[in-house]
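Here the structure comes first, spelled out in structure tokens, and everything after it is commentary.
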Amino acid sequence: MILTVDIGNTTIALALFRCTTKEPIFVEHIESNCSIAVLPYSEWIAETLKKHNVNPTHIQGAVLSSVVPPLTQTLCDAIIKVIGISTYVINARTDAGLTIKNYDVSTLGSDRIVDAVSAMLQWAPPLVVLDLGTATTVSVIDSDGGFIGGLIMPGPTIGIKALSSKTAQLPAIDFKQMAPTNIIGQDTKTCLCNGAIIGTAAAIDGIISRVENELGAPVTVVATGGHCKQILPWCYKQIQYEEHLLLKGLYHIYHNQTQKNC
């Protein structure tokens, strides 16, 4: 079995894979918190494995992607404490099997690398890969399977927080507890919710059209991330949803690089 860890800006995802299945045995989440030391995270990992009746000695490897550098070593140390193995950390220097064209690799997040690799396992390029989380990232894979760049914009949660902190009369809202029923909101909170969700969907539709114009060809669009279930229903474009895209990519890269049995 292989343990995969995705450290995002808002949450950390922990998943376990067997070779006999393409889906994770389990996926659990915890808040990303740089002020938490190794022990609480190691306790969380141990409790999660116990919850799913997994013996730590049966785990042969661990692989991690992180967009929060201060937490990378913390989680690696936590894994050693619980399982006793070193973690394979994906970064811009990892040979993940992805051709990167005319892009400053030193600035490329490991999450975008893993998402792109994972998407190409299931869909043929050209591709647009969306990750709708704290940030909304758009990665473009050309018809040759090369990563050629993309876009990054604030995710809907950041947008709402920025508005409420920089304006006098716009309140902070938890739009995750709200669901638009129509485009035109009839009170301020609904307008904010609609702007965050439907506005992001409209941006995605527009970006996809512009990418296709620039490439001169239609693309397959793949999406993952915590905001997908809210935003994708409002998109006009056809978009393939893969909940565990990054975690599956981590397992694939690790297995190919190490050729370990699991």
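In the structure tokens, each chain is lettered A, B, ... as it comes, each chain's residues begin at 1, and ligands are numbered from 1 in order of appearance.
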Mind the document's chain letters and residue numbers, and return as a ChimeraX atom specification the residues of stretch 97-256 of chain A that DSSP labels alpha helix (DSSP H). /A:110-122,156-166,188-215,228-231,245-256
Determine, counting only C-alpha atoms, which protein, DNA and RNA residues have an atom within 10 Å of an atom of stretch 115-121 of chain A; residues of the same chain fewer than 4 positions away are not included. Present the result as an MDAnalysis selection string. chainID A and resid 96:99 110:111 125:131 139:141 145:147 220:224 240 242 244:253
Dump C-alpha atoms for the selected residues as a compact mmCIF listing (two decimals), in the first residue's frame?
# COMPACT_ATOMS: atom_id res chain seq x y z
CA ALA A 96 7.22 13.09 -13.30
CA GLY A 97 6.98 12.16 -16.95
CA LEU A 98 5.64 15.59 -17.94
CA THR A 99 7.21 17.58 -20.79
CA SER A 110 3.96 20.55 -7.72
CA ASP A 111 0.17 20.41 -7.58
CA PRO A 125 -4.52 16.09 -25.01
CA PRO A 126 -4.98 18.91 -25.72
CA LEU A 127 -6.26 19.45 -22.19
CA VAL A 128 -7.21 22.24 -19.84
CA VAL A 129 -6.80 21.12 -16.23
CA LEU A 130 -8.63 23.14 -13.56
CA ASP A 131 -7.97 22.98 -9.83
CA SER A 139 -3.06 24.40 -16.72
CA VAL A 140 -2.87 23.89 -20.48
CA ILE A 141 -1.50 20.74 -22.11
CA GLY A 145 1.24 16.32 -24.28
CA GLY A 146 3.44 19.23 -23.24
CA PHE A 147 2.67 21.61 -20.38
CA THR A 220 -10.93 18.42 -23.14
CA VAL A 221 -11.42 20.12 -19.79
CA VAL A 222 -10.76 18.27 -16.52
CA ALA A 223 -11.52 19.74 -13.10
CA THR A 224 -10.68 18.89 -9.52
CA GLN A 240 -14.91 16.23 -16.73
CA GLU A 242 -12.26 13.94 -11.12
CA HIS A 244 -9.17 12.60 -6.57
CA LEU A 245 -7.16 13.74 -9.60
CA LEU A 246 -4.11 14.90 -7.63
CA LEU A 247 -4.03 11.95 -5.24
CA LYS A 248 -4.25 9.49 -8.12
CA GLY A 249 -1.46 11.36 -9.87
CA LEU A 250 0.74 11.13 -6.78
CA TYR A 251 0.30 7.37 -6.62
CA HIS A 252 1.04 6.99 -10.35
CA ILE A 253 4.21 9.11 -10.21
So, counting only C-alpha atoms, which residue among A:Thr11, A:Gln177, A:Thr190, A:Ser42 is closest to A:Ile30? A:Thr11
A:Trp44 surroundings by only C-alpha atoms, 12 Å radius, close-in-sequence under 2 positions cut, as a PyMOL selection string: chain A and resi 12-14+28-31+36-42+46-51+75+78-79+81-82
File of the preceding selection, N, CA, C and O atoms, as a CSV table (one decimal), in the first residue's frame:
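Saved file part-v5.csv follows:
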chain,number,residue,atom,x,y,z
A,12,ILE,N,-5.2,19.5,4.2
A,12,ILE,CA,-4.3,18.5,3.8
A,12,ILE,C,-5.1,17.2,3.6
A,12,ILE,O,-6.0,16.9,4.4
A,13,ALA,N,-4.9,16.6,2.4
A,13,ALA,CA,-5.6,15.3,2.1
A,13,ALA,C,-4.7,14.1,2.3
A,13,ALA,O,-3.5,14.2,1.9
A,14,LEU,N,-5.2,13.1,2.9
A,14,LEU,CA,-4.4,11.9,3.1
A,14,LEU,C,-5.2,10.7,2.5
A,14,LEU,O,-6.4,10.6,2.8
A,28,GLU,N,-9.0,11.2,3.7
A,28,GLU,CA,-9.3,12.0,4.9
A,28,GLU,C,-8.7,13.4,4.8
A,28,GLU,O,-7.6,13.6,4.1
A,29,HIS,N,-9.3,14.4,5.4
A,29,HIS,CA,-8.8,15.8,5.4
A,29,HIS,C,-8.6,16.4,6.7
A,29,HIS,O,-9.3,16.0,7.7
A,30,ILE,N,-7.7,17.3,6.8
A,30,ILE,CA,-7.5,18.1,8.0
A,30,ILE,C,-7.1,19.5,7.6
A,30,ILE,O,-6.5,19.7,6.5
A,31,GLU,N,-7.3,20.4,8.5
A,31,GLU,CA,-7.0,21.8,8.1
A,31,GLU,C,-5.4,22.0,8.0
A,31,GLU,O,-4.7,21.5,8.8
A,36,ILE,N,0.9,24.1,13.8
A,36,ILE,CA,0.8,22.8,14.4
A,36,ILE,C,2.2,22.1,14.2
A,36,ILE,O,2.7,22.0,13.0
A,37,ALA,N,2.7,21.4,15.2
A,37,ALA,CA,3.9,20.7,15.1
A,37,ALA,C,3.7,19.3,14.6
A,37,ALA,O,2.6,18.9,14.3
A,38,VAL,N,4.8,18.5,14.7
A,38,VAL,CA,4.8,17.2,14.1
A,38,VAL,C,3.8,16.3,14.9
A,38,VAL,O,3.0,15.5,14.3
A,39,LEU,N,3.8,16.3,16.2
A,39,LEU,CA,3.0,15.4,17.0
A,39,LEU,C,1.5,15.4,16.7
A,39,LEU,O,1.0,14.3,16.4
A,40,PRO,N,0.8,16.5,16.6
A,40,PRO,CA,-0.6,16.5,16.3
A,40,PRO,C,-0.9,15.8,14.9
A,40,PRO,O,-1.8,15.1,14.7
A,41,TYR,N,0.0,16.1,13.9
A,41,TYR,CA,-0.2,15.5,12.6
A,41,TYR,C,0.1,14.0,12.6
A,41,TYR,O,-0.6,13.2,12.0
A,42,SER,N,1.1,13.6,13.4
A,42,SER,CA,1.4,12.2,13.5
A,42,SER,C,0.2,11.5,14.2
A,42,SER,O,-0.1,10.3,13.8
A,46,ALA,N,-2.0,8.5,12.5
A,46,ALA,CA,-2.2,7.2,13.3
A,46,ALA,C,-3.6,6.9,13.5
A,46,ALA,O,-4.1,5.8,13.3
A,47,GLU,N,-4.4,7.9,13.9
A,47,GLU,CA,-5.8,7.7,14.2
A,47,GLU,C,-6.6,7.4,12.9
A,47,GLU,O,-7.5,6.6,12.9
A,48,THR,N,-6.2,8.0,11.8
A,48,THR,CA,-6.8,7.7,10.5
A,48,THR,C,-6.6,6.3,10.0
A,48,THR,O,-7.5,5.6,9.6
A,49,LEU,N,-5.3,5.8,10.2
A,49,LEU,CA,-5.0,4.5,9.8
A,49,LEU,C,-5.8,3.5,10.7
A,49,LEU,O,-6.3,2.5,10.2
A,50,LYS,N,-5.8,3.8,12.0
A,50,LYS,CA,-6.6,2.9,12.9
A,50,LYS,C,-8.1,2.9,12.5
A,50,LYS,O,-8.7,1.8,12.5
A,51,LYS,N,-8.6,4.0,12.2
A,51,LYS,CA,-10.0,4.2,11.8
A,51,LYS,C,-10.4,3.3,10.6
A,51,LYS,O,-11.4,2.7,10.6
A,75,LEU,N,5.0,17.2,7.8
A,75,LEU,CA,4.3,16.0,7.4
A,75,LEU,C,5.2,14.9,7.2
A,75,LEU,O,4.9,13.7,7.5
A,78,ALA,N,6.1,13.5,10.5
A,78,ALA,CA,5.0,12.8,11.0
A,78,ALA,C,4.8,11.4,10.5
A,78,ALA,O,4.5,10.5,11.2
A,79,ILE,N,5.1,11.3,9.2
A,79,ILE,CA,5.0,10.0,8.5
A,79,ILE,C,6.0,9.1,9.0
A,79,ILE,O,5.8,7.9,9.3
A,81,LYS,N,7.4,9.2,11.9
A,81,LYS,CA,7.0,8.8,13.3
A,81,LYS,C,6.0,7.7,13.4
A,81,LYS,O,6.1,6.8,14.2
A,82,VAL,N,5.1,7.7,12.4
A,82,VAL,CA,4.0,6.7,12.4
A,82,VAL,C,4.3,5.5,11.7
A,82,VAL,O,4.1,4.3,12.1
Restricting to only C-alpha atoms, whichever of A:Ala92, A:Ile184, A:Ile83, A:Ala196 is closest to A:Thr136 is A:Ala196
How would you write, as a list of chain:residue names, the set of residues in stretch 43-141 of chain A that DSSP gives as strand (DSSP E or B)?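 These are the residues in question: A:Gly61, A:Ala62, A:Val63, A:Leu64, A:Ser65, A:Ser66, A:Tyr88, A:Val89, A:Thr99, A:Ile100, A:Leu127, A:Val128, A:Val129, A:Leu130, A:Asp131, A:Leu132, A:Ala135, A:Thr136, A:Thr137, A:Val138, A:Ser139, A:Val140, A:Ile141.
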Let me make sure I understand: among A:Leu71, A:Leu232, A:Ile85, A:Val27, which one has the smallest atom-to-atom distance to A:His52 if we use only C-alpha atoms? A:Val27
Using Å and a single decimal, report how far atom CA of A:Tyr88 sits from atom CA of A:Ile45.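 Taking atom CA of A:Ile45 and atom CA of A:Tyr88, their separation equals 16.7 Å.
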